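Participant: So that we are looking at the same thing, I have put the structure below in structure tokens.
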Amino acid sequence: DAGVTQSPTHLIKTRGQQVTLRCSPKSGHDTVSWYQQALGQGPQFIFQYYEEEERQRGNFPDRFSGHQFPNYSSELNVNALLLGDSALYLCASSPRRVTPYGYTFGSGTRLTVV
Amino acid sequence: DAKTTQPTSMDCAEGRAANLPCNHSTISGNEYVYWYRQIHSQGPQYIIHGLKNNETNEMASLIITEDRKSSTLILPHATLRDTAVYYCIVRAYTGTASKLTFGTGTRLQVTL
């Protein structure tokens, strides 16, 4: 059974460009969360999607937006990229009614903004 | 979520027990202690969680002090594969998916 799949694994973009990252949740999971992890830091919560709507949001600007599709997969979009957006972007999926060990993380997308 | 404090880094010899401490002095009565780890180039992985009793599973043991202001994650026989960043998280368990608040964690280096 595949876990959480993220694509692409690595990406290089130029300042001011836009980027879309993709996440396929683990089979049976309907809730997707996105995290940003800067070098040397712990992951920071960006937002969570359930039933195709944003349910929770962390302290990130509106340049960060997302979408969830009927098959529960999700996209993270970042507009007007800044150098500071360079980070590992992690997707985590879970059932909506989640047990404490029910979160499954993908291996992430490494975004470099130059 | 209550704030946690962990040492930045620790070393452990392979085969020995690794004891990773975490302080959470402002923990509330309904908040659980969770431990995740992140091996290089992978996403975080759940290890164990507890409320007030000590817990053990196939990966580790969790010892929570009686006043619940601190806890220790124990890897009984550390191997090189246990080299990772370990995160202690304190949060209420609501039963529905919600954000996890990670700190900077403890970087555990297991050596021969």
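For the structure tokens, the naming scheme is as follows: chains receive sequential letters (A, B, ...) according to their order of presentation, residues are indexed from 1 within each chain, and ligands are indexed from 1 in presentation order.
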With a distance threshold of 12 Å and counting only C-alpha atoms, extract the residues of chain B near chain A and express them as a PyMOL selection string.

Facilitator: chain B and resi 8-9+31-51+85-107

Participant: Can you measure atom CA of His29 of chain A to atom CA of Gln68 of chain A for me? One decimal in Å is fine.

Facilitator: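 Computing the Euclidean distance for atom CA of His29 of chain A and atom CA of Gln68 of chain A yields 12.5 Å.
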
Participant: From the options B:Ala78, B:Cys22, B:Cys12, B:Ala84, which residue's atoms come nearest to Ile64 of chain B, counting only C-alpha atoms?

Facilitator: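 Closest candidate: B:Cys22.
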
Participant: Excluding Gln18 of chain A and any residue of its chain fewer than 6 positions from it, enumerate the residues within 6 Å of it, using only C-alpha atoms, and give them as a PyMOL selection string.

Facilitator: chain A and resi 78-80

Participant: Looking only at strand (DSSP E or B) from DSSP on the backbone, list the matching residues of segment 34-98 of chain A as a ChimeraX atom specification.

Facilitator: /A:34-37,44-50,53-57,64-68,74-78,87-94,97

Participant: Could those residues be written to a file, using C-alpha atoms, as a compact mmCIF listing (two decimals), in the first residue's frame?

Facilitator:
# COMPACT_ATOMS: atom_id res chain seq x y z
CA TRP A 34 0.85 20.93 4.27
CA TYR A 35 3.97 21.92 6.19
CA GLN A 36 7.00 24.07 5.35
CA GLN A 37 10.36 23.06 6.78
CA GLN A 44 5.63 24.62 10.26
CA PHE A 45 1.92 24.09 9.58
CA ILE A 46 0.62 25.88 6.48
CA PHE A 47 -2.96 24.65 6.12
CA GLN A 48 -5.25 21.64 6.17
CA TYR A 49 -7.87 20.49 3.66
CA TYR A 50 -10.86 18.28 4.23
CA GLU A 53 -12.19 23.08 1.79
CA GLU A 54 -9.46 24.75 3.81
CA ARG A 55 -10.22 23.94 7.45
CA GLN A 56 -7.24 25.30 9.37
CA ARG A 57 -4.51 27.73 8.43
CA PHE A 64 0.21 30.32 -0.18
CA SER A 65 -2.97 28.69 -1.39
CA GLY A 66 -4.21 25.18 -1.87
CA HIS A 67 -6.77 22.93 -3.33
CA GLN A 68 -8.15 19.50 -2.63
CA SER A 74 -4.11 18.11 -2.98
CA GLU A 75 -2.04 20.91 -4.45
CA LEU A 76 -0.07 23.65 -2.76
CA ASN A 77 0.41 26.83 -4.79
CA VAL A 78 2.87 29.57 -3.94
CA ALA A 87 12.35 24.92 2.00
CA LEU A 88 11.21 21.33 2.17
CA TYR A 89 7.44 21.17 1.72
CA LEU A 90 5.82 18.22 3.43
CA CYS A 91 2.37 16.78 2.92
CA ALA A 92 0.70 14.78 5.67
CA SER A 93 -2.49 12.78 5.30
CA SER A 94 -4.81 11.25 7.84
CA ARG A 97 -11.28 11.01 12.66

Participant: Quick check, in Å to one decimal: how far apart do atom CA of Ser7 of chain A and atom CA of Leu108 of chain B lie?

Facilitator: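 One can read the atom CA of Ser7 of chain A to atom CA of Leu108 of chain B distance as 28.7 Å.
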
Participant: Give the answer as one residue: which of A:Glu51, A:Asp62, A:Ser73, A:Asp30 has the shortest atom-to-atom distance to Thr5 of chain A, using only C-alpha atoms?

Facilitator: A:Ser73

Participant: Mind checking which residues fall within 12 Å of Arg68 of chain B, counting only C-alpha atoms, ignoring those fewer than 2 positions away in the same chain, and posting them as a PyMOL selection string?

Facilitator: chain B and resi 2+22-33+50-54+62-66+70-72+90

Participant: Would you work out the distance separating atom CA of Val19 of chain A from atom CA of Ala38 of chain A, expressed in Å to one decimal?

Facilitator: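 Computing the Euclidean distance for atom CA of Val19 of chain A and atom CA of Ala38 of chain A yields 16.9 Å.
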